[in-house]
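Visitor: Got a structure for you, work_2.txt, holding compact mmCIF, N, CA and C atoms and all ligand atoms.
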# COMPACT_ATOMS: atom_id res chain seq x y z
N MET A 1 -24.87 81.41 -1.77
CA MET A 1 -25.83 80.45 -2.35
C MET A 1 -25.10 79.20 -2.87
N PHE A 2 -24.02 79.44 -3.67
CA PHE A 2 -23.25 78.32 -4.23
C PHE A 2 -22.73 77.41 -3.11
N PHE A 3 -22.15 78.05 -2.09
CA PHE A 3 -21.58 77.27 -0.99
C PHE A 3 -22.66 76.56 -0.18
N LYS A 4 -23.83 77.18 -0.11
CA LYS A 4 -24.96 76.57 0.60
C LYS A 4 -25.36 75.26 -0.09
N VAL A 5 -25.39 75.32 -1.45
CA VAL A 5 -25.77 74.13 -2.22
C VAL A 5 -24.72 73.04 -2.04
N ILE A 6 -23.44 73.44 -2.13
CA ILE A 6 -22.35 72.47 -1.96
C ILE A 6 -22.45 71.82 -0.58
N ARG A 7 -22.67 72.64 0.42
CA ARG A 7 -22.76 72.12 1.79
C ARG A 7 -23.94 71.16 1.93
N PHE A 8 -25.05 71.50 1.31
CA PHE A 8 -26.24 70.66 1.37
C PHE A 8 -25.96 69.30 0.71
N VAL A 9 -25.36 69.36 -0.48
CA VAL A 9 -25.07 68.11 -1.22
C VAL A 9 -24.09 67.25 -0.42
N LEU A 10 -23.00 67.86 0.03
CA LEU A 10 -21.99 67.10 0.79
C LEU A 10 -22.59 66.52 2.06
N GLY A 11 -23.40 67.32 2.74
CA GLY A 11 -24.04 66.88 3.99
C GLY A 11 -24.89 65.64 3.74
N ASN A 12 -25.63 65.65 2.64
CA ASN A 12 -26.49 64.50 2.36
C ASN A 12 -25.70 63.27 1.92
N ILE A 13 -24.57 63.50 1.25
CA ILE A 13 -23.71 62.36 0.89
C ILE A 13 -23.16 61.73 2.17
N ILE A 14 -22.73 62.58 3.09
CA ILE A 14 -22.19 62.07 4.37
C ILE A 14 -23.25 61.26 5.11
N LEU A 15 -24.49 61.79 5.13
CA LEU A 15 -25.56 61.07 5.83
C LEU A 15 -25.88 59.74 5.17
N LEU A 16 -25.82 59.73 3.83
CA LEU A 16 -26.12 58.49 3.11
C LEU A 16 -25.03 57.44 3.38
N VAL A 17 -23.77 57.87 3.27
CA VAL A 17 -22.66 56.93 3.51
C VAL A 17 -22.75 56.42 4.95
N ASP A 18 -23.07 57.33 5.87
CA ASP A 18 -23.19 56.92 7.27
C ASP A 18 -24.27 55.85 7.43
N LYS A 19 -25.40 56.09 6.77
CA LYS A 19 -26.52 55.14 6.89
C LYS A 19 -26.15 53.78 6.31
N LEU A 20 -25.41 53.80 5.20
CA LEU A 20 -25.08 52.54 4.52
C LEU A 20 -23.97 51.77 5.22
N THR A 21 -23.25 52.44 6.09
CA THR A 21 -22.10 51.77 6.71
C THR A 21 -22.14 51.87 8.24
N GLN A 22 -23.34 51.78 8.77
CA GLN A 22 -23.51 51.89 10.22
C GLN A 22 -22.66 50.85 10.96
N PRO A 23 -21.91 51.27 11.98
CA PRO A 23 -21.14 50.27 12.74
C PRO A 23 -22.05 49.40 13.60
N ARG A 24 -21.55 48.21 13.88
CA ARG A 24 -22.33 47.29 14.72
C ARG A 24 -22.18 47.67 16.19
N PRO A 25 -23.27 47.75 16.92
CA PRO A 25 -23.15 48.12 18.34
C PRO A 25 -22.47 47.02 19.17
N GLN A 26 -21.62 47.45 20.05
CA GLN A 26 -20.94 46.54 20.98
C GLN A 26 -21.97 45.79 21.82
N LYS A 27 -21.70 44.49 22.07
CA LYS A 27 -22.65 43.71 22.87
C LYS A 27 -22.19 43.69 24.32
N ARG A 28 -23.16 43.79 25.24
CA ARG A 28 -22.86 43.71 26.68
C ARG A 28 -23.91 42.81 27.32
N SER A 29 -23.59 42.36 28.51
CA SER A 29 -24.61 41.61 29.26
C SER A 29 -25.73 42.60 29.60
N LYS A 30 -26.89 42.05 29.94
CA LYS A 30 -28.03 42.91 30.25
C LYS A 30 -27.70 43.86 31.40
N SER A 31 -27.03 43.32 32.44
CA SER A 31 -26.77 44.17 33.61
C SER A 31 -25.74 45.24 33.27
N ALA A 32 -24.73 44.88 32.45
CA ALA A 32 -23.73 45.89 32.07
C ALA A 32 -24.37 46.99 31.23
N GLN A 33 -25.28 46.58 30.34
CA GLN A 33 -25.95 47.58 29.49
C GLN A 33 -26.87 48.47 30.33
N THR A 34 -27.49 47.90 31.35
CA THR A 34 -28.34 48.71 32.24
C THR A 34 -27.49 49.74 32.96
N GLU A 35 -26.30 49.31 33.38
CA GLU A 35 -25.38 50.23 34.07
C GLU A 35 -24.98 51.37 33.15
N VAL A 36 -24.68 51.03 31.91
CA VAL A 36 -24.31 52.05 30.92
C VAL A 36 -25.47 53.03 30.73
N LEU A 37 -26.65 52.47 30.60
CA LEU A 37 -27.85 53.29 30.40
C LEU A 37 -28.05 54.28 31.55
N GLU A 38 -27.82 53.78 32.76
CA GLU A 38 -27.96 54.67 33.93
C GLU A 38 -26.92 55.77 33.90
N SER A 39 -25.70 55.42 33.50
CA SER A 39 -24.61 56.42 33.49
C SER A 39 -24.90 57.56 32.52
N VAL A 40 -25.47 57.21 31.36
CA VAL A 40 -25.61 58.24 30.32
C VAL A 40 -27.02 58.82 30.23
N SER A 41 -27.88 58.43 31.16
CA SER A 41 -29.29 58.81 31.02
C SER A 41 -29.51 60.32 31.03
N ASN A 42 -28.61 61.08 31.68
CA ASN A 42 -28.78 62.54 31.70
C ASN A 42 -27.79 63.26 30.79
N TRP A 43 -27.13 62.52 29.93
CA TRP A 43 -26.16 63.15 29.03
C TRP A 43 -26.85 63.53 27.71
N SER A 44 -26.31 64.55 27.05
CA SER A 44 -26.85 64.91 25.73
C SER A 44 -25.71 65.29 24.80
N LEU A 45 -25.87 64.90 23.56
CA LEU A 45 -24.94 65.35 22.53
C LEU A 45 -25.59 66.48 21.76
N TYR A 46 -25.01 67.67 21.87
CA TYR A 46 -25.46 68.82 21.09
C TYR A 46 -24.78 68.71 19.74
N GLN A 47 -25.57 68.71 18.69
CA GLN A 47 -25.01 68.41 17.38
C GLN A 47 -25.84 69.00 16.24
N PHE A 48 -25.24 68.96 15.04
CA PHE A 48 -25.97 69.27 13.82
C PHE A 48 -26.08 67.95 13.06
N LYS A 49 -27.18 67.76 12.38
CA LYS A 49 -27.43 66.47 11.71
C LYS A 49 -26.31 66.10 10.73
N ALA A 50 -25.94 67.03 9.86
CA ALA A 50 -25.03 66.66 8.76
C ALA A 50 -23.60 67.14 8.98
N CYS A 51 -23.25 67.53 10.17
CA CYS A 51 -21.87 67.97 10.44
C CYS A 51 -20.98 66.73 10.50
N PRO A 52 -19.89 66.68 9.73
CA PRO A 52 -19.07 65.46 9.70
C PRO A 52 -18.48 65.09 11.06
N PHE A 53 -18.16 66.07 11.87
CA PHE A 53 -17.60 65.78 13.20
C PHE A 53 -18.68 65.17 14.11
N CYS A 54 -19.93 65.60 13.88
CA CYS A 54 -21.04 65.05 14.66
C CYS A 54 -21.36 63.63 14.20
N VAL A 55 -21.28 63.41 12.90
CA VAL A 55 -21.53 62.06 12.36
C VAL A 55 -20.49 61.10 12.94
N LYS A 56 -19.24 61.55 12.95
CA LYS A 56 -18.15 60.73 13.50
C LYS A 56 -18.43 60.38 14.97
N THR A 57 -18.91 61.37 15.72
CA THR A 57 -19.18 61.15 17.14
C THR A 57 -20.39 60.24 17.33
N ARG A 58 -21.43 60.45 16.53
CA ARG A 58 -22.62 59.59 16.64
C ARG A 58 -22.28 58.15 16.28
N ARG A 59 -21.37 57.98 15.31
CA ARG A 59 -20.97 56.62 14.93
C ARG A 59 -20.26 55.93 16.09
N ALA A 60 -19.41 56.68 16.78
CA ALA A 60 -18.70 56.11 17.94
C ALA A 60 -19.70 55.74 19.03
N MET A 61 -20.72 56.59 19.22
CA MET A 61 -21.73 56.29 20.22
C MET A 61 -22.49 55.02 19.86
N ARG A 62 -22.77 54.87 18.58
CA ARG A 62 -23.49 53.67 18.14
C ARG A 62 -22.61 52.42 18.32
N ARG A 63 -21.35 52.56 17.89
CA ARG A 63 -20.42 51.44 18.01
C ARG A 63 -20.27 51.00 19.47
N LEU A 64 -20.26 51.98 20.37
CA LEU A 64 -20.10 51.67 21.79
C LEU A 64 -21.43 51.37 22.48
N ASN A 65 -22.51 51.39 21.68
CA ASN A 65 -23.85 51.06 22.18
C ASN A 65 -24.24 51.97 23.35
N LEU A 66 -24.12 53.28 23.12
CA LEU A 66 -24.42 54.26 24.16
C LEU A 66 -25.69 55.04 23.79
N PRO A 67 -26.76 54.81 24.54
CA PRO A 67 -28.02 55.49 24.19
C PRO A 67 -28.04 56.94 24.72
N ILE A 68 -27.16 57.76 24.15
CA ILE A 68 -27.08 59.16 24.58
C ILE A 68 -28.05 59.99 23.73
N THR A 69 -28.82 60.83 24.39
CA THR A 69 -29.78 61.68 23.68
C THR A 69 -29.03 62.66 22.79
N THR A 70 -29.52 62.84 21.57
CA THR A 70 -28.92 63.86 20.70
C THR A 70 -29.92 65.01 20.55
N VAL A 71 -29.41 66.23 20.59
CA VAL A 71 -30.30 67.38 20.40
C VAL A 71 -29.75 68.25 19.27
N ASP A 72 -30.68 68.91 18.58
CA ASP A 72 -30.32 69.73 17.42
C ASP A 72 -29.92 71.13 17.88
N ALA A 73 -28.63 71.40 17.84
CA ALA A 73 -28.12 72.68 18.34
C ALA A 73 -28.41 73.85 17.40
N LYS A 74 -29.10 73.56 16.29
CA LYS A 74 -29.51 74.68 15.42
C LYS A 74 -30.81 75.29 15.96
N LYS A 75 -31.47 74.52 16.83
CA LYS A 75 -32.79 74.97 17.33
C LYS A 75 -32.70 75.38 18.79
N ASP A 76 -33.56 76.32 19.15
CA ASP A 76 -33.69 76.69 20.56
C ASP A 76 -34.66 75.74 21.24
N PRO A 77 -34.48 75.42 22.54
CA PRO A 77 -33.59 76.10 23.49
C PRO A 77 -32.14 75.59 23.46
N TYR A 78 -31.87 74.52 22.67
CA TYR A 78 -30.55 73.89 22.72
C TYR A 78 -29.44 74.82 22.25
N ARG A 79 -29.73 75.58 21.20
CA ARG A 79 -28.74 76.52 20.66
C ARG A 79 -28.30 77.49 21.76
N GLN A 80 -29.29 78.05 22.43
CA GLN A 80 -29.03 79.04 23.47
C GLN A 80 -28.32 78.40 24.66
N GLU A 81 -28.72 77.18 25.02
CA GLU A 81 -28.06 76.48 26.14
C GLU A 81 -26.59 76.26 25.84
N LEU A 82 -26.33 75.88 24.59
CA LEU A 82 -24.94 75.60 24.21
C LEU A 82 -24.08 76.86 24.31
N ILE A 83 -24.65 77.98 23.87
CA ILE A 83 -23.91 79.24 23.92
C ILE A 83 -23.70 79.69 25.37
N THR A 84 -24.78 79.72 26.12
CA THR A 84 -24.69 80.32 27.47
C THR A 84 -24.06 79.38 28.49
N GLN A 85 -24.37 78.08 28.38
CA GLN A 85 -23.85 77.16 29.40
C GLN A 85 -22.57 76.46 28.94
N GLY A 86 -22.55 76.09 27.67
CA GLY A 86 -21.35 75.41 27.15
C GLY A 86 -20.22 76.39 26.91
N GLY A 87 -20.56 77.55 26.38
CA GLY A 87 -19.53 78.57 26.17
C GLY A 87 -19.37 78.98 24.72
N SER A 88 -19.77 78.11 23.77
CA SER A 88 -19.71 78.55 22.38
C SER A 88 -20.61 77.69 21.50
N LEU A 89 -21.02 78.25 20.38
CA LEU A 89 -21.90 77.53 19.46
C LEU A 89 -21.03 76.71 18.52
N LYS A 90 -20.52 75.60 19.06
CA LYS A 90 -19.69 74.73 18.26
C LYS A 90 -20.13 73.30 18.55
N VAL A 91 -20.24 72.50 17.52
CA VAL A 91 -20.68 71.12 17.71
C VAL A 91 -19.65 70.17 17.10
N PRO A 92 -19.58 68.94 17.57
CA PRO A 92 -20.38 68.37 18.64
C PRO A 92 -19.91 68.84 20.02
N CYS A 93 -20.84 68.78 20.96
CA CYS A 93 -20.50 69.08 22.35
C CYS A 93 -21.30 68.10 23.22
N LEU A 94 -20.58 67.42 24.09
CA LEU A 94 -21.23 66.44 24.97
C LEU A 94 -21.48 67.07 26.33
N ARG A 95 -22.75 67.10 26.70
CA ARG A 95 -23.10 67.60 28.04
C ARG A 95 -23.15 66.41 28.98
N ILE A 96 -22.20 66.42 29.93
CA ILE A 96 -22.06 65.28 30.85
C ILE A 96 -22.51 65.71 32.24
N GLU A 97 -23.51 65.01 32.75
CA GLU A 97 -23.97 65.33 34.11
C GLU A 97 -23.39 64.31 35.05
N LYS A 98 -22.69 64.82 36.09
CA LYS A 98 -22.14 63.92 37.11
C LYS A 98 -22.61 64.44 38.44
N GLY A 99 -23.67 63.88 38.96
CA GLY A 99 -24.26 64.38 40.21
C GLY A 99 -24.72 65.81 40.02
N ASP A 100 -24.17 66.72 40.85
CA ASP A 100 -24.55 68.13 40.75
C ASP A 100 -23.75 68.86 39.69
N GLN A 101 -22.72 68.22 39.20
CA GLN A 101 -21.82 68.92 38.27
C GLN A 101 -22.14 68.62 36.81
N VAL A 102 -21.93 69.65 36.00
CA VAL A 102 -22.15 69.48 34.57
C VAL A 102 -20.88 69.88 33.83
N GLU A 103 -20.47 68.99 32.92
CA GLU A 103 -19.28 69.31 32.11
C GLU A 103 -19.72 69.39 30.65
N TRP A 104 -19.20 70.40 29.96
CA TRP A 104 -19.49 70.54 28.52
C TRP A 104 -18.21 70.22 27.78
N MET A 105 -18.22 69.11 27.07
CA MET A 105 -16.99 68.67 26.40
C MET A 105 -17.10 68.93 24.89
N TYR A 106 -16.19 69.74 24.38
CA TYR A 106 -16.12 70.03 22.94
C TYR A 106 -15.05 69.16 22.29
N GLU A 107 -14.98 69.17 20.99
CA GLU A 107 -13.98 68.46 20.18
C GLU A 107 -14.34 66.98 20.03
N SER A 108 -14.70 66.61 18.81
CA SER A 108 -15.12 65.23 18.54
C SER A 108 -14.08 64.21 19.01
N SER A 109 -12.81 64.49 18.75
CA SER A 109 -11.77 63.50 19.12
C SER A 109 -11.70 63.33 20.63
N GLU A 110 -11.86 64.43 21.33
CA GLU A 110 -11.80 64.36 22.79
C GLU A 110 -13.02 63.59 23.33
N ILE A 111 -14.18 63.87 22.75
CA ILE A 111 -15.41 63.19 23.18
C ILE A 111 -15.29 61.68 22.95
N ILE A 112 -14.83 61.32 21.75
CA ILE A 112 -14.74 59.90 21.40
C ILE A 112 -13.72 59.20 22.31
N ALA A 113 -12.58 59.85 22.54
CA ALA A 113 -11.55 59.25 23.41
C ALA A 113 -12.11 59.05 24.81
N TYR A 114 -12.88 60.02 25.29
CA TYR A 114 -13.47 59.92 26.62
C TYR A 114 -14.46 58.75 26.69
N LEU A 115 -15.32 58.65 25.67
CA LEU A 115 -16.33 57.58 25.66
C LEU A 115 -15.67 56.20 25.55
N GLU A 116 -14.62 56.14 24.72
CA GLU A 116 -13.93 54.85 24.55
C GLU A 116 -13.25 54.43 25.86
N LYS A 117 -12.62 55.39 26.49
CA LYS A 117 -11.92 55.08 27.75
C LYS A 117 -12.92 54.60 28.79
N ARG A 118 -14.07 55.20 28.80
CA ARG A 118 -15.05 54.88 29.84
C ARG A 118 -15.89 53.64 29.53
N PHE A 119 -16.22 53.42 28.26
CA PHE A 119 -17.22 52.38 27.96
C PHE A 119 -16.76 51.24 27.05
N ALA A 120 -15.59 51.35 26.43
CA ALA A 120 -15.21 50.29 25.46
C ALA A 120 -14.88 48.99 26.18
N1 LIG B 201 -12.40 70.36 15.67
C1 LIG B 201 -13.81 70.36 15.91
C2 LIG B 201 -14.52 70.92 14.70
C3 LIG B 201 -16.00 71.15 14.96
C4 LIG B 201 -16.62 72.07 13.93
O1 LIG B 201 -15.94 72.72 13.14
N2 LIG B 201 -17.94 72.12 13.95
C5 LIG B 201 -18.66 73.02 13.12
C6 LIG B 201 -19.84 72.33 12.43
S1 LIG B 201 -19.31 71.07 11.30
C7 LIG B 201 -19.27 74.12 13.96
O2 LIG B 201 -19.70 73.89 15.07
N3 LIG B 201 -19.30 75.34 13.43
C8 LIG B 201 -19.91 76.45 14.13
C9 LIG B 201 -21.14 76.92 13.45
O3 LIG B 201 -21.51 76.34 12.43
O4 LIG B 201 -21.74 77.87 13.96
C10 LIG B 201 -14.27 68.94 16.26
O5 LIG B 201 -13.59 67.97 15.84
O6 LIG B 201 -15.26 68.77 16.97
Mind turning this structure into structure tokens?

Guide:
Amino acid sequence: MFFKVIRFVLGNIILLVDKLTQPRPQKRSKSAQTEVLESVSNWSLYQFKACPFCVKTRRAMRRLNLPITTVDAKKDPYRQELITQGGSLKVPCLRIEKGDQVEWMYESSEIIAYLEKRFA
């Protein structure tokens, strides 16, 4: 119970600080942004709202102006998809669709490095 309260309070502080210090989205030409949108249209970030690693990843997505869908991995069917298809219930996890292939990328630092390399 004590740890639940601490986690709740810390989670909300993180969300508040995040809200107050939102990074500015990168600007692109209309055609470049359309291309980005097409690339990420089938991607999803499996995440928890107040997880600090997820907040860090969402901030990078915002900074890079990437409209990637976020899903709540605490809820089904996403929770179950993450376990059975991704391999473990750990967030953040980026589901990347490339044609017929699907890659499940774990680790916030790895996800951010991948997004920066591809879209910065
Ligand atoms: N090193 C990982 C840490 C991720 C992590 O610890 N995530 C926690 C949530 S904050 C998690 O998924 N825990 C599993 C669970 O809560 O079931 C990263 O940077 O992505």

Visitor: What residues have any atom no more than 12 Å from ligand LIG 201 (chain B) when counting only C-alpha atoms and all ligand atoms, and can you list them as a ChimeraX atom specification?

Guide: /A:7,10-11,14,45-58,72-75,79,82-83,88-94,105-113

Visitor: Please dump the current selection as a compact mmCIF listing (two decimals), in the coordinates of the input; keep N, CA and C atoms.

Guide:
# COMPACT_ATOMS: atom_id res chain seq x y z
N ARG A 7 -22.67 72.64 0.42
CA ARG A 7 -22.76 72.12 1.79
C ARG A 7 -23.94 71.16 1.93
N LEU A 10 -23.00 67.86 0.03
CA LEU A 10 -21.99 67.10 0.79
C LEU A 10 -22.59 66.52 2.06
N GLY A 11 -23.40 67.32 2.74
CA GLY A 11 -24.04 66.88 3.99
C GLY A 11 -24.89 65.64 3.74
N ILE A 14 -22.73 62.58 3.09
CA ILE A 14 -22.19 62.07 4.37
C ILE A 14 -23.25 61.26 5.11
N LEU A 45 -25.87 64.90 23.56
CA LEU A 45 -24.94 65.35 22.53
C LEU A 45 -25.59 66.48 21.76
N TYR A 46 -25.01 67.67 21.87
CA TYR A 46 -25.46 68.82 21.09
C TYR A 46 -24.78 68.71 19.74
N GLN A 47 -25.57 68.71 18.69
CA GLN A 47 -25.01 68.41 17.38
C GLN A 47 -25.84 69.00 16.24
N PHE A 48 -25.24 68.96 15.04
CA PHE A 48 -25.97 69.27 13.82
C PHE A 48 -26.08 67.95 13.06
N LYS A 49 -27.18 67.76 12.38
CA LYS A 49 -27.43 66.47 11.71
C LYS A 49 -26.31 66.10 10.73
N ALA A 50 -25.94 67.03 9.86
CA ALA A 50 -25.03 66.66 8.76
C ALA A 50 -23.60 67.14 8.98
N CYS A 51 -23.25 67.53 10.17
CA CYS A 51 -21.87 67.97 10.44
C CYS A 51 -20.98 66.73 10.50
N PRO A 52 -19.89 66.68 9.73
CA PRO A 52 -19.07 65.46 9.70
C PRO A 52 -18.48 65.09 11.06
N PHE A 53 -18.16 66.07 11.87
CA PHE A 53 -17.60 65.78 13.20
C PHE A 53 -18.68 65.17 14.11
N CYS A 54 -19.93 65.60 13.88
CA CYS A 54 -21.04 65.05 14.66
C CYS A 54 -21.36 63.63 14.20
N VAL A 55 -21.28 63.41 12.90
CA VAL A 55 -21.53 62.06 12.36
C VAL A 55 -20.49 61.10 12.94
N LYS A 56 -19.24 61.55 12.95
CA LYS A 56 -18.15 60.73 13.50
C LYS A 56 -18.43 60.38 14.97
N THR A 57 -18.91 61.37 15.72
CA THR A 57 -19.18 61.15 17.14
C THR A 57 -20.39 60.24 17.33
N ARG A 58 -21.43 60.45 16.53
CA ARG A 58 -22.62 59.59 16.64
C ARG A 58 -22.28 58.15 16.28
N ASP A 72 -30.68 68.91 18.58
CA ASP A 72 -30.32 69.73 17.42
C ASP A 72 -29.92 71.13 17.88
N ALA A 73 -28.63 71.40 17.84
CA ALA A 73 -28.12 72.68 18.34
C ALA A 73 -28.41 73.85 17.40
N LYS A 74 -29.10 73.56 16.29
CA LYS A 74 -29.51 74.68 15.42
C LYS A 74 -30.81 75.29 15.96
N LYS A 75 -31.47 74.52 16.83
CA LYS A 75 -32.79 74.97 17.33
C LYS A 75 -32.70 75.38 18.79
N ARG A 79 -29.73 75.58 21.20
CA ARG A 79 -28.74 76.52 20.66
C ARG A 79 -28.30 77.49 21.76
N LEU A 82 -26.33 75.88 24.59
CA LEU A 82 -24.94 75.60 24.21
C LEU A 82 -24.08 76.86 24.31
N ILE A 83 -24.65 77.98 23.87
CA ILE A 83 -23.91 79.24 23.92
C ILE A 83 -23.70 79.69 25.37
N SER A 88 -19.77 78.11 23.77
CA SER A 88 -19.71 78.55 22.38
C SER A 88 -20.61 77.69 21.50
N LEU A 89 -21.02 78.25 20.38
CA LEU A 89 -21.90 77.53 19.46
C LEU A 89 -21.03 76.71 18.52
N LYS A 90 -20.52 75.60 19.06
CA LYS A 90 -19.69 74.73 18.26
C LYS A 90 -20.13 73.30 18.55
N VAL A 91 -20.24 72.50 17.52
CA VAL A 91 -20.68 71.12 17.71
C VAL A 91 -19.65 70.17 17.10
N PRO A 92 -19.58 68.94 17.57
CA PRO A 92 -20.38 68.37 18.64
C PRO A 92 -19.91 68.84 20.02
N CYS A 93 -20.84 68.78 20.96
CA CYS A 93 -20.50 69.08 22.35
C CYS A 93 -21.30 68.10 23.22
N LEU A 94 -20.58 67.42 24.09
CA LEU A 94 -21.23 66.44 24.97
C LEU A 94 -21.48 67.07 26.33
N MET A 105 -18.22 69.11 27.07
CA MET A 105 -16.99 68.67 26.40
C MET A 105 -17.10 68.93 24.89
N TYR A 106 -16.19 69.74 24.38
CA TYR A 106 -16.12 70.03 22.94
C TYR A 106 -15.05 69.16 22.29
N GLU A 107 -14.98 69.17 20.99
CA GLU A 107 -13.98 68.46 20.18
C GLU A 107 -14.34 66.98 20.03
N SER A 108 -14.70 66.61 18.81
CA SER A 108 -15.12 65.23 18.54
C SER A 108 -14.08 64.21 19.01
N SER A 109 -12.81 64.49 18.75
CA SER A 109 -11.77 63.50 19.12
C SER A 109 -11.70 63.33 20.63
N GLU A 110 -11.86 64.43 21.33
CA GLU A 110 -11.80 64.36 22.79
C GLU A 110 -13.02 63.59 23.33
N ILE A 111 -14.18 63.87 22.75
CA ILE A 111 -15.41 63.19 23.18
C ILE A 111 -15.29 61.68 22.95
N ILE A 112 -14.83 61.32 21.75
CA ILE A 112 -14.74 59.90 21.40
C ILE A 112 -13.72 59.20 22.31
N ALA A 113 -12.58 59.85 22.54
CA ALA A 113 -11.55 59.25 23.41
C ALA A 113 -12.11 59.05 24.81

Visitor: Give me, please, the distance in Å between CA of Gly86 in chain A and atom C of Trp104 in chain A, quoted to one decimal.

Guide: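 Computing the Euclidean distance for CA of Gly86 in chain A and atom C of Trp104 in chain A yields 6.1 Å.
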
Visitor: Work out how far apart atom N of Pro23 in chain A and atom C of Arg63 in chain A are and give it in Å to one decimal.

Guide: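 Distance between the two atoms: 7.7 Å.
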
Visitor: Using DSSP on the backbone, list every residue of range 38-88 of chain A that comes out as strand (DSSP E or B), and give them as a count of residues only.

Guide: 8

Visitor: Rounded to one decimal in Å, what is the spacing between CA of Arg59 in chain A and atom C of Asn42 in chain A?

Guide: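 CA of Arg59 in chain A sits 18.5 Å away from atom C of Asn42 in chain A.
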
Visitor: Please check which residues have atoms at most 8 Å from (-22.9, 44.9, 18.4) in the file's coordinates, counting only N, CA and C atoms, and write them as a list of chain:residue names.

Guide: A:Pro23, A:Arg24, A:Pro25, A:Gln26, A:Lys27, A:Arg28, A:Arg62, A:Arg63, A:Leu64, A:Asn65

Visitor: For each of A:Phe119, A:Leu16, A:Phe2, A:Trp43, take the minimum atom-to-atom distance to Thr70 in chain A, counting only N, CA and C atoms, then give the residue where this is smallest.

Guide: A:Trp43

Visitor: Of the candidates A:Leu37, A:Lys30, A:Gly87, A:Leu115, which one gets nearest to Thr69 in chain A if we count only C-alpha atoms?

Guide: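 Using only C-alpha atoms, Thr69 in chain A sits closest to A:Leu37.
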
Visitor: Build an axis-aligned box that encloses every atom of range 51-67 of chain A listed in the file, pad it by 4 Å on each side, and report its centre and edge lengths in Å to one decimal, as JSON.

Guide:
{"center_x": -22.8, "center_y": 59.5, "center_z": 17.2, "size_x": 18.4, "size_y": 25.0, "size_z": 23.0}

Visitor: Here is a test: counting only C-alpha atoms, which residue of A:Ala32, A:Val5, A:Ala60, A:Val71 is nearest to Lys117 in chain A?

Guide: A:Ala60

Visitor: Tell me, which residues of range 18-101 of chain A carry DSSP alpha helix (DSSP H), written as an MDAnalysis selection string?

Guide: chainID A and resid 18:20 30:40 52:63 78:81
